[in-house]
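Chemist: My structure is in entry03.txt, and what it holds is compact mmCIF, N, CA and C atoms:
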# COMPACT_ATOMS: atom_id res chain seq x y z
N MET A 12 -257.64 111.26 0.48
CA MET A 12 -256.34 111.80 0.81
C MET A 12 -256.27 112.09 2.30
N LYS A 13 -255.08 111.94 2.89
CA LYS A 13 -254.91 112.10 4.34
C LYS A 13 -254.16 113.38 4.68
N ALA A 14 -254.61 114.03 5.74
CA ALA A 14 -253.87 115.11 6.38
C ALA A 14 -253.29 114.52 7.66
N ILE A 15 -251.98 114.52 7.79
CA ILE A 15 -251.32 113.98 8.98
C ILE A 15 -250.84 115.16 9.81
N ILE A 16 -251.44 115.32 10.99
CA ILE A 16 -251.12 116.43 11.89
C ILE A 16 -250.39 115.84 13.08
N TYR A 17 -249.19 116.36 13.37
CA TYR A 17 -248.42 115.77 14.46
C TYR A 17 -247.72 116.83 15.29
N PHE A 18 -247.45 116.46 16.54
CA PHE A 18 -246.68 117.28 17.47
C PHE A 18 -245.67 116.37 18.14
N SER A 19 -244.42 116.83 18.22
CA SER A 19 -243.37 116.03 18.83
C SER A 19 -242.46 116.95 19.62
N LEU A 20 -242.26 116.68 20.89
CA LEU A 20 -241.44 117.55 21.73
C LEU A 20 -240.17 116.85 22.22
N SER A 21 -240.19 115.54 22.29
CA SER A 21 -239.06 114.80 22.86
C SER A 21 -237.84 114.84 21.94
N LYS A 22 -236.69 114.50 22.50
CA LYS A 22 -235.45 114.45 21.73
C LYS A 22 -235.54 113.43 20.61
N LYS A 23 -236.25 112.35 20.85
CA LYS A 23 -236.32 111.27 19.86
C LYS A 23 -237.33 111.55 18.76
N LYS A 24 -238.21 112.52 18.95
CA LYS A 24 -239.20 112.91 17.94
C LYS A 24 -239.99 111.71 17.42
N ASN A 25 -240.49 110.88 18.34
CA ASN A 25 -241.22 109.68 17.95
C ASN A 25 -242.46 109.98 17.13
N SER A 26 -243.21 111.00 17.51
CA SER A 26 -244.43 111.34 16.76
C SER A 26 -244.08 111.74 15.33
N LYS A 27 -243.01 112.50 15.17
CA LYS A 27 -242.59 112.93 13.83
C LYS A 27 -242.15 111.72 13.00
N ARG A 28 -241.39 110.83 13.60
CA ARG A 28 -240.92 109.63 12.89
C ARG A 28 -242.10 108.80 12.40
N ILE A 29 -243.10 108.60 13.26
CA ILE A 29 -244.28 107.82 12.91
C ILE A 29 -245.06 108.53 11.80
N ALA A 30 -245.21 109.84 11.92
CA ALA A 30 -245.94 110.62 10.91
C ALA A 30 -245.32 110.45 9.54
N LYS A 31 -244.00 110.49 9.48
CA LYS A 31 -243.31 110.42 8.19
C LYS A 31 -243.45 109.04 7.54
N GLU A 32 -243.85 108.03 8.30
CA GLU A 32 -244.07 106.69 7.74
C GLU A 32 -245.44 106.55 7.08
N ILE A 33 -246.30 107.55 7.24
CA ILE A 33 -247.67 107.51 6.71
C ILE A 33 -247.74 108.39 5.47
N GLN A 34 -248.34 107.87 4.41
CA GLN A 34 -248.47 108.66 3.18
C GLN A 34 -249.61 109.66 3.31
N GLY A 35 -249.35 110.88 2.87
CA GLY A 35 -250.32 111.95 2.91
C GLY A 35 -249.60 113.28 3.05
N ASP A 36 -250.35 114.33 3.30
CA ASP A 36 -249.77 115.66 3.51
C ASP A 36 -249.49 115.83 5.00
N HIS A 37 -248.27 116.26 5.33
CA HIS A 37 -247.82 116.35 6.72
C HIS A 37 -247.86 117.80 7.21
N PHE A 38 -248.37 117.96 8.44
CA PHE A 38 -248.47 119.27 9.07
C PHE A 38 -247.97 119.15 10.50
N GLU A 39 -246.92 119.91 10.83
CA GLU A 39 -246.33 119.83 12.16
C GLU A 39 -246.75 121.01 13.01
N ILE A 40 -247.19 120.72 14.22
CA ILE A 40 -247.45 121.74 15.24
C ILE A 40 -246.12 121.91 15.98
N GLU A 41 -245.58 123.13 16.00
CA GLU A 41 -244.29 123.36 16.63
C GLU A 41 -244.42 124.37 17.77
N ASN A 42 -243.78 124.06 18.88
CA ASN A 42 -243.73 124.96 20.03
C ASN A 42 -242.91 126.19 19.67
N LEU A 43 -243.49 127.37 19.81
CA LEU A 43 -242.78 128.62 19.58
C LEU A 43 -242.48 129.35 20.88
N GLY A 44 -242.99 128.81 21.98
CA GLY A 44 -242.81 129.45 23.28
C GLY A 44 -241.59 128.93 24.02
N LYS A 45 -241.68 128.99 25.32
CA LYS A 45 -240.59 128.58 26.20
C LYS A 45 -240.19 127.13 25.92
N LYS A 46 -238.89 126.91 25.76
CA LYS A 46 -238.36 125.57 25.50
C LYS A 46 -237.69 125.06 26.78
N ILE A 47 -238.17 123.94 27.27
CA ILE A 47 -237.62 123.33 28.48
C ILE A 47 -237.07 121.97 28.09
N LYS A 48 -235.79 121.75 28.34
CA LYS A 48 -235.14 120.52 27.90
C LYS A 48 -235.16 119.41 28.95
N PHE A 49 -235.16 119.76 30.22
CA PHE A 49 -235.11 118.76 31.29
C PHE A 49 -236.52 118.20 31.51
N ALA A 50 -236.67 116.90 31.22
CA ALA A 50 -238.00 116.26 31.19
C ALA A 50 -238.84 116.48 32.45
N PRO A 51 -238.31 116.32 33.67
CA PRO A 51 -239.17 116.54 34.84
C PRO A 51 -239.72 117.98 34.92
N PHE A 52 -238.90 118.97 34.56
CA PHE A 52 -239.38 120.36 34.55
C PHE A 52 -240.40 120.56 33.44
N GLN A 53 -240.18 119.88 32.31
CA GLN A 53 -241.12 119.94 31.19
C GLN A 53 -242.50 119.47 31.64
N MET A 54 -242.54 118.32 32.32
CA MET A 54 -243.82 117.76 32.78
C MET A 54 -244.50 118.72 33.75
N PHE A 55 -243.75 119.30 34.67
CA PHE A 55 -244.32 120.23 35.63
C PHE A 55 -244.85 121.49 34.93
N TYR A 56 -244.04 122.08 34.06
CA TYR A 56 -244.41 123.32 33.39
C TYR A 56 -245.64 123.14 32.51
N TYR A 57 -245.62 122.13 31.64
CA TYR A 57 -246.75 121.93 30.74
C TYR A 57 -247.97 121.39 31.49
N GLY A 58 -247.75 120.65 32.54
CA GLY A 58 -248.87 120.22 33.39
C GLY A 58 -249.57 121.42 34.01
N TYR A 59 -248.78 122.39 34.46
CA TYR A 59 -249.33 123.63 35.01
C TYR A 59 -250.14 124.37 33.94
N LEU A 60 -249.59 124.46 32.74
CA LEU A 60 -250.31 125.16 31.67
C LEU A 60 -251.61 124.45 31.32
N MET A 61 -251.59 123.11 31.33
CA MET A 61 -252.82 122.35 31.04
C MET A 61 -253.87 122.60 32.12
N ALA A 62 -253.43 122.55 33.38
CA ALA A 62 -254.36 122.71 34.50
C ALA A 62 -254.97 124.11 34.54
N THR A 63 -254.18 125.12 34.20
CA THR A 63 -254.65 126.50 34.26
C THR A 63 -255.23 126.98 32.93
N LYS A 64 -255.16 126.13 31.90
CA LYS A 64 -255.69 126.44 30.56
C LYS A 64 -255.09 127.72 29.98
N LYS A 65 -253.80 127.90 30.22
CA LYS A 65 -253.08 129.05 29.66
C LYS A 65 -252.83 128.82 28.18
N PRO A 66 -252.96 129.85 27.35
CA PRO A 66 -252.68 129.68 25.92
C PRO A 66 -251.19 129.50 25.66
N LEU A 67 -250.89 128.76 24.60
CA LEU A 67 -249.52 128.48 24.22
C LEU A 67 -249.14 129.26 22.97
N GLU A 68 -247.83 129.38 22.77
CA GLU A 68 -247.33 129.94 21.52
C GLU A 68 -246.87 128.78 20.66
N PHE A 69 -247.53 128.57 19.54
CA PHE A 69 -247.13 127.50 18.63
C PHE A 69 -247.57 127.86 17.22
N ASN A 70 -246.89 127.24 16.24
CA ASN A 70 -247.35 127.47 14.87
C ASN A 70 -248.63 126.68 14.68
N SER A 71 -249.54 127.25 13.98
CA SER A 71 -250.83 126.61 13.74
C SER A 71 -250.95 126.37 12.24
N PRO A 72 -250.56 125.17 11.78
CA PRO A 72 -250.61 124.92 10.34
C PRO A 72 -252.00 125.19 9.78
N LYS A 73 -252.04 125.94 8.70
CA LYS A 73 -253.30 126.24 8.01
C LYS A 73 -253.60 125.09 7.06
N ILE A 74 -254.72 124.43 7.28
CA ILE A 74 -255.09 123.27 6.49
C ILE A 74 -256.47 123.49 5.88
N ASP A 75 -256.59 123.26 4.60
CA ASP A 75 -257.89 123.27 3.93
C ASP A 75 -258.47 121.87 4.09
N PHE A 76 -259.22 121.65 5.14
CA PHE A 76 -259.73 120.31 5.46
C PHE A 76 -260.68 119.78 4.39
N ASP A 77 -261.23 120.65 3.54
CA ASP A 77 -262.10 120.18 2.47
C ASP A 77 -261.35 119.29 1.48
N LYS A 78 -260.03 119.39 1.41
CA LYS A 78 -259.22 118.59 0.50
C LYS A 78 -259.00 117.15 1.00
N TYR A 79 -259.37 116.87 2.23
CA TYR A 79 -259.02 115.58 2.85
C TYR A 79 -260.26 114.82 3.29
N ASP A 80 -260.20 113.50 3.13
CA ASP A 80 -261.29 112.66 3.64
C ASP A 80 -260.89 111.99 4.95
N GLU A 81 -259.58 112.02 5.26
CA GLU A 81 -259.11 111.42 6.52
C GLU A 81 -258.09 112.32 7.19
N VAL A 82 -258.16 112.38 8.52
CA VAL A 82 -257.21 113.15 9.32
C VAL A 82 -256.56 112.19 10.30
N VAL A 83 -255.22 112.21 10.33
CA VAL A 83 -254.45 111.39 11.27
C VAL A 83 -253.83 112.33 12.29
N LEU A 84 -254.10 112.09 13.58
CA LEU A 84 -253.59 112.93 14.66
C LEU A 84 -252.55 112.13 15.44
N ILE A 85 -251.32 112.65 15.53
CA ILE A 85 -250.23 111.94 16.18
C ILE A 85 -249.60 112.87 17.20
N SER A 86 -249.58 112.43 18.46
CA SER A 86 -248.94 113.25 19.49
C SER A 86 -248.59 112.40 20.70
N PRO A 87 -247.69 112.91 21.54
CA PRO A 87 -247.34 112.18 22.77
C PRO A 87 -248.51 112.21 23.76
N VAL A 88 -248.55 111.19 24.58
CA VAL A 88 -249.52 111.10 25.67
C VAL A 88 -248.93 111.86 26.86
N TRP A 89 -249.68 112.81 27.40
CA TRP A 89 -249.22 113.56 28.57
C TRP A 89 -250.24 113.37 29.68
N GLY A 90 -249.82 112.76 30.77
CA GLY A 90 -250.73 112.55 31.90
C GLY A 90 -251.94 111.73 31.51
N GLY A 91 -251.77 110.82 30.53
CA GLY A 91 -252.86 109.97 30.10
C GLY A 91 -253.85 110.64 29.17
N LYS A 92 -253.52 111.85 28.70
CA LYS A 92 -254.46 112.62 27.88
C LYS A 92 -253.76 113.19 26.65
N VAL A 93 -254.58 113.75 25.76
CA VAL A 93 -254.05 114.48 24.62
C VAL A 93 -253.23 115.65 25.16
N ASN A 94 -252.06 115.89 24.56
CA ASN A 94 -251.20 116.96 25.09
C ASN A 94 -251.77 118.33 24.76
N ILE A 95 -251.32 119.31 25.49
CA ILE A 95 -251.89 120.65 25.43
C ILE A 95 -251.72 121.31 24.06
N PHE A 96 -250.63 121.01 23.35
CA PHE A 96 -250.42 121.60 22.03
C PHE A 96 -251.45 121.08 21.04
N MET A 97 -251.64 119.77 20.99
CA MET A 97 -252.62 119.18 20.07
C MET A 97 -254.03 119.62 20.46
N LYS A 98 -254.32 119.65 21.75
CA LYS A 98 -255.66 120.06 22.21
C LYS A 98 -255.96 121.49 21.77
N GLN A 99 -255.03 122.39 22.01
CA GLN A 99 -255.28 123.78 21.65
C GLN A 99 -255.40 123.92 20.12
N TYR A 100 -254.59 123.20 19.37
CA TYR A 100 -254.69 123.25 17.91
C TYR A 100 -256.09 122.79 17.47
N LEU A 101 -256.56 121.67 18.01
CA LEU A 101 -257.86 121.15 17.61
C LEU A 101 -259.02 122.03 18.08
N ASP A 102 -258.85 122.71 19.23
CA ASP A 102 -259.87 123.66 19.68
C ASP A 102 -260.00 124.84 18.70
N GLU A 103 -258.87 125.23 18.10
CA GLU A 103 -258.86 126.40 17.20
C GLU A 103 -259.09 126.03 15.73
N ASN A 104 -258.96 124.77 15.38
CA ASN A 104 -259.06 124.33 13.98
C ASN A 104 -260.04 123.16 13.90
N ILE A 105 -261.29 123.47 13.75
CA ILE A 105 -262.34 122.45 13.77
C ILE A 105 -262.54 121.90 12.37
N PHE A 106 -262.58 120.59 12.27
CA PHE A 106 -262.90 119.93 11.00
C PHE A 106 -264.08 119.01 11.26
N LYS A 107 -264.85 118.74 10.20
CA LYS A 107 -266.07 117.94 10.35
C LYS A 107 -266.17 116.88 9.26
N ASN A 108 -266.92 115.82 9.59
CA ASN A 108 -267.25 114.75 8.66
C ASN A 108 -266.02 114.08 8.04
N LYS A 109 -265.04 113.80 8.85
CA LYS A 109 -263.81 113.14 8.40
C LYS A 109 -263.65 111.80 9.12
N LYS A 110 -262.91 110.89 8.48
CA LYS A 110 -262.44 109.69 9.17
C LYS A 110 -261.20 110.12 9.93
N VAL A 111 -261.08 109.66 11.18
CA VAL A 111 -259.97 110.10 12.02
C VAL A 111 -259.24 108.89 12.60
N THR A 112 -257.91 108.91 12.50
CA THR A 112 -257.05 107.94 13.17
C THR A 112 -256.29 108.70 14.25
N ILE A 113 -256.27 108.15 15.46
CA ILE A 113 -255.57 108.78 16.58
C ILE A 113 -254.40 107.88 16.96
N ILE A 114 -253.20 108.48 16.97
CA ILE A 114 -251.99 107.74 17.32
C ILE A 114 -251.30 108.46 18.47
N GLY A 115 -251.00 107.71 19.52
CA GLY A 115 -250.29 108.26 20.67
C GLY A 115 -248.92 107.64 20.81
N THR A 116 -247.98 108.42 21.35
CA THR A 116 -246.66 107.91 21.67
C THR A 116 -246.43 108.12 23.15
N CYS A 117 -245.88 107.10 23.81
CA CYS A 117 -245.71 107.21 25.26
C CYS A 117 -244.63 106.26 25.76
N MET A 118 -244.32 106.37 27.02
CA MET A 118 -243.33 105.49 27.64
C MET A 118 -243.99 104.27 28.27
N GLY A 119 -245.29 104.24 28.32
CA GLY A 119 -246.01 103.11 28.91
C GLY A 119 -247.32 102.90 28.20
N ASN A 120 -248.16 102.06 28.75
CA ASN A 120 -249.43 101.72 28.11
C ASN A 120 -250.55 102.55 28.73
N ASN A 121 -251.17 103.41 27.95
CA ASN A 121 -252.23 104.26 28.48
C ASN A 121 -253.37 104.36 27.48
N LYS A 122 -254.26 103.40 27.48
CA LYS A 122 -255.35 103.35 26.51
C LYS A 122 -256.41 104.42 26.75
N LYS A 123 -256.45 105.02 27.94
CA LYS A 123 -257.44 106.07 28.21
C LYS A 123 -257.13 107.35 27.44
N TYR A 124 -255.95 107.41 26.88
CA TYR A 124 -255.54 108.55 26.05
C TYR A 124 -256.58 108.84 24.97
N PHE A 125 -257.09 107.80 24.34
CA PHE A 125 -258.01 107.97 23.22
C PHE A 125 -259.32 108.63 23.65
N GLU A 126 -259.77 108.34 24.86
CA GLU A 126 -261.00 108.94 25.38
C GLU A 126 -260.86 110.46 25.53
N SER A 127 -259.63 110.93 25.75
CA SER A 127 -259.44 112.37 25.95
C SER A 127 -259.70 113.17 24.67
N PHE A 128 -259.76 112.52 23.52
CA PHE A 128 -260.08 113.20 22.27
C PHE A 128 -261.59 113.39 22.09
N ASP A 129 -262.40 112.68 22.88
CA ASP A 129 -263.85 112.75 22.72
C ASP A 129 -264.40 114.17 22.82
N THR A 130 -263.80 114.99 23.66
CA THR A 130 -264.29 116.36 23.82
C THR A 130 -263.53 117.36 22.95
N VAL A 131 -262.55 116.88 22.19
CA VAL A 131 -261.70 117.78 21.41
C VAL A 131 -262.05 117.79 19.93
N ILE A 132 -262.45 116.64 19.38
CA ILE A 132 -262.80 116.62 17.95
C ILE A 132 -264.31 116.63 17.79
N ASP A 133 -264.76 117.24 16.71
CA ASP A 133 -266.19 117.39 16.44
C ASP A 133 -266.87 116.03 16.34
N LYS A 134 -268.08 115.95 16.86
CA LYS A 134 -268.85 114.68 16.89
C LYS A 134 -269.21 114.16 15.50
N SER A 135 -269.16 115.01 14.47
CA SER A 135 -269.50 114.56 13.12
C SER A 135 -268.40 113.68 12.52
N ASN A 136 -267.21 113.70 13.12
CA ASN A 136 -266.11 112.87 12.64
C ASN A 136 -266.27 111.44 13.12
N LYS A 137 -265.72 110.50 12.36
CA LYS A 137 -265.78 109.09 12.74
C LYS A 137 -264.36 108.60 13.01
N VAL A 138 -264.08 108.29 14.27
CA VAL A 138 -262.77 107.72 14.62
C VAL A 138 -262.75 106.28 14.11
N ILE A 139 -261.77 105.97 13.28
CA ILE A 139 -261.71 104.65 12.66
C ILE A 139 -260.61 103.76 13.23
N GLU A 140 -259.62 104.38 13.93
CA GLU A 140 -258.52 103.57 14.42
C GLU A 140 -257.81 104.27 15.57
N HIS A 141 -257.33 103.46 16.52
CA HIS A 141 -256.48 103.91 17.62
C HIS A 141 -255.18 103.13 17.55
N LYS A 142 -254.06 103.82 17.75
CA LYS A 142 -252.76 103.15 17.82
C LYS A 142 -251.96 103.80 18.93
N LEU A 143 -251.19 102.99 19.64
CA LEU A 143 -250.33 103.50 20.71
C LEU A 143 -248.94 102.90 20.52
N TYR A 144 -247.94 103.76 20.49
CA TYR A 144 -246.55 103.35 20.32
C TYR A 144 -245.77 103.65 21.58
N THR A 145 -244.85 102.78 21.93
CA THR A 145 -243.90 103.04 22.99
C THR A 145 -242.54 102.55 22.55
N LYS A 146 -241.53 103.36 22.76
CA LYS A 146 -240.16 103.00 22.40
C LYS A 146 -240.06 102.40 21.00
N ARG A 147 -240.65 103.08 20.03
CA ARG A 147 -240.57 102.73 18.61
C ARG A 147 -241.39 101.52 18.19
N SER A 148 -242.13 100.91 19.10
CA SER A 148 -242.93 99.74 18.75
C SER A 148 -244.40 100.00 19.04
N MET A 149 -245.27 99.51 18.15
CA MET A 149 -246.69 99.63 18.42
C MET A 149 -247.07 98.62 19.50
N ILE A 150 -247.76 99.08 20.54
CA ILE A 150 -248.17 98.17 21.62
C ILE A 150 -249.69 98.00 21.67
N TYR A 151 -250.40 98.83 20.90
CA TYR A 151 -251.86 98.74 20.94
C TYR A 151 -252.41 99.25 19.62
N GLU A 152 -253.35 98.50 19.05
CA GLU A 152 -254.02 98.95 17.84
C GLU A 152 -255.45 98.46 17.90
N LYS A 153 -256.38 99.34 17.57
CA LYS A 153 -257.79 98.96 17.59
C LYS A 153 -258.50 99.67 16.45
N LYS A 154 -259.14 98.90 15.61
CA LYS A 154 -260.03 99.46 14.60
C LYS A 154 -261.34 99.78 15.32
N VAL A 155 -261.84 100.98 15.15
CA VAL A 155 -263.03 101.40 15.88
C VAL A 155 -264.25 101.22 15.03
Re-express the file's structure as C-alpha cells.
Modeler:
Amino acid sequence: MKAIIYFSLSKKKNSKRIAKEIQGDHFEIENLGKKIKFAPFQMFYYGYLMATKKPLEFNSPKIDFDKYDEVVLISPVWGGKVNIFMKQYLDENIFKNKKVTIIGTCMGNNKKYFESFDTVIDKSNKVIEHKLYTKRSMIYEKKV
C-alpha cells in the first residue's frame, strides 16, 4: 500500500493534481503561516527561510508508516532542491525501510532536485523511481 505525501503552493496545484492520479492514501502538507501570492516575493521569502533554517507553520499529517510499504513524495522544485515545507516535514517524520518514489514539479528541467533528498530521507529506504513534471507533462522519469 502507498502513502502519497504532497505539498502544493502554486495556483495550479500541480503537485496535488499529480498526487490525486496515484492510488493510495493521500496526505497533504499545508502552509499555515504567512501566505504570499506574488511569485517573485514568494521565492524571496521562502528562499530566506530556507537559507536561515527558520521553522515553518504547516500541518503535519500524522501517518502510521508501518501500514505502508511504499511512500510517494510529491512537491515543487525550489532553487533546484526539495522545498522547505517537504524538507521540514521529512526532518520531523522519519520513516524507514520503505520503497520511495520522488516526484518533482517545476517550470524547467532540474534533475539535481532528486539529489537534495539524499540528506532528508533515512538511508534504510530504497528510492525506486524519480519523476519530474513541468507544465502538466512528465519530462523526466528514471527507475532507480
Chemist: Residues at most 8 Å from Lys153 (chain A), counting all atoms listed in the file, excluding those fewer than 4 positions away in the same chain, as a VMD selection string?
Modeler: chain A and resid 139 to 143
Chemist: Store the residues of this selection in a file with N, CA and C atoms, as a PDB file, in the coordinates of the input.
Modeler:
ATOM      1  N   ILE A 139    -261.770 105.970  13.280  1.00  0.00           N
ATOM      2  CA  ILE A 139    -261.710 104.650  12.660  1.00  0.00           C
ATOM      3  C   ILE A 139    -260.610 103.760  13.230  1.00  0.00           C
ATOM      4  N   GLU A 140    -259.620 104.380  13.930  1.00  0.00           N
ATOM      5  CA  GLU A 140    -258.520 103.570  14.420  1.00  0.00           C
ATOM      6  C   GLU A 140    -257.810 104.270  15.570  1.00  0.00           C
ATOM      7  N   HIS A 141    -257.330 103.460  16.520  1.00  0.00           N
ATOM      8  CA  HIS A 141    -256.480 103.910  17.620  1.00  0.00           C
ATOM      9  C   HIS A 141    -255.180 103.130  17.550  1.00  0.00           C
ATOM     10  N   LYS A 142    -254.060 103.820  17.750  1.00  0.00           N
ATOM     11  CA  LYS A 142    -252.760 103.150  17.820  1.00  0.00           C
ATOM     12  C   LYS A 142    -251.960 103.800  18.930  1.00  0.00           C
ATOM     13  N   LEU A 143    -251.190 102.990  19.640  1.00  0.00           N
ATOM     14  CA  LEU A 143    -250.330 103.500  20.710  1.00  0.00           C
ATOM     15  C   LEU A 143    -248.940 102.900  20.520  1.00  0.00           C
TER      16      LEU A 143
END
Chemist: Hey, can you check how far atom C of Tyr144 (chain A) sits from atom N of Asn25 (chain A)?
Modeler: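 So the two atoms, atom C of Tyr144 (chain A) and atom N of Asn25 (chain A), lie 9.5 Å apart.
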Chemist: Go through A:Tyr17, A:Phe128, A:Phe69, A:Tyr79 and flag the residue nearest Phe38 (chain A), using only N, CA and C atoms for the distances.
Modeler: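 When distances to Phe38 (chain A) are compared using only N, CA and C atoms, the smallest one comes from A:Tyr17.
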Chemist: Box for region 41-44 of chain A: with edges along x, y and z, all listed atoms inside and 4 Å added on each side, what are the centre and edge lengths in Å to one decimal, as AutoDock Vina command-line options?
Modeler:
--center_x -243.6 --center_y 126.3 --center_z 20.0 --size_x 12.0 --size_y 14.3 --size_z 16.0
Chemist: Using Å and a single decimal, report how far atom N of Asn108 (chain A) sits from CA of Ile29 (chain A).
Modeler: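 For CA of Ile29 (chain A) relative to atom N of Asn108 (chain A), the distance reads 24.2 Å.
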Chemist: DSSP on the backbone: which residues in chain A end up as helix (DSSP H, G or I)? Give the answer as an NGL selection string.
Modeler: :A and (25-31 or 50-63 or 76-78 or 95-103 or 122-128)
Chemist: Identify which of the residues A:Thr145, A:Asn70, A:Asn94, A:Thr112 lies closest to Gly44 (chain A), counting all atoms listed in the file when measuring atom-to-atom distances.
Modeler: A:Asn70
Chemist: I need the residue nearest Ile113 (chain A) from this list: A:Val83, A:Gln99, A:Lys65, A:Phe55. Use only N, CA and C atoms for the distance.
Modeler: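 The answer is A:Val83, which sits nearest to Ile113 (chain A).
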Chemist: How would you write as a PyMOL selection string the residues that get within 6 Å of (-247.2, 113.4, 15.2) in the file's frame, counting all atoms listed in the file?
Modeler: chain A and resi 16-19+26-27+30+84-86
Chemist: What's the separation between CA of Ile95 (chain A) and atom C of Glu152 (chain A), in Å to one decimal place?
Modeler: 23.7 Å
Chemist: Using only N, CA and C atoms, collect all residues at a distance of at most 8 Å from (-269.4, 120.8, 9.4) as written in the file, then present them as a PyMOL selection string.
Modeler: chain A and resi 105-108+135
Chemist: Mind listing the strand (DSSP E or B) residues of chain A, per DSSP on the backbone, as a PyMOL selection string?
Modeler: chain A and resi 13-18+36-40+42+69+81-89+92-93+110-117+137-145+148-154
Chemist: Of the candidates A:Tyr124, A:Asn42, A:Asp77, A:Arg28, which shows the shortest atom-to-atom distance to Trp89 (chain A), using only N, CA and C atoms?
Modeler: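 Going through A:Tyr124, A:Asn42, A:Asp77, A:Arg28 one by one, the smallest distance to Trp89 (chain A) is for A:Tyr124.
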Chemist: Select, from A:Lys78, A:Ser71, A:Ile114, A:Lys123, the residue with the minimum atom-to-atom distance to Lys92 (chain A), counting all atoms listed in the file.
Modeler: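 With all atoms listed in the file as the atom set, the closest residue is A:Lys123.
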Chemist: Using all atoms listed in the file, can you tell me which of A:Ile74, A:Asn136, A:Leu67, A:Val82 comes closest to Phe96 (chain A)?
Modeler: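 Going through A:Ile74, A:Asn136, A:Leu67, A:Val82 one by one, the smallest distance to Phe96 (chain A) is for A:Leu67.
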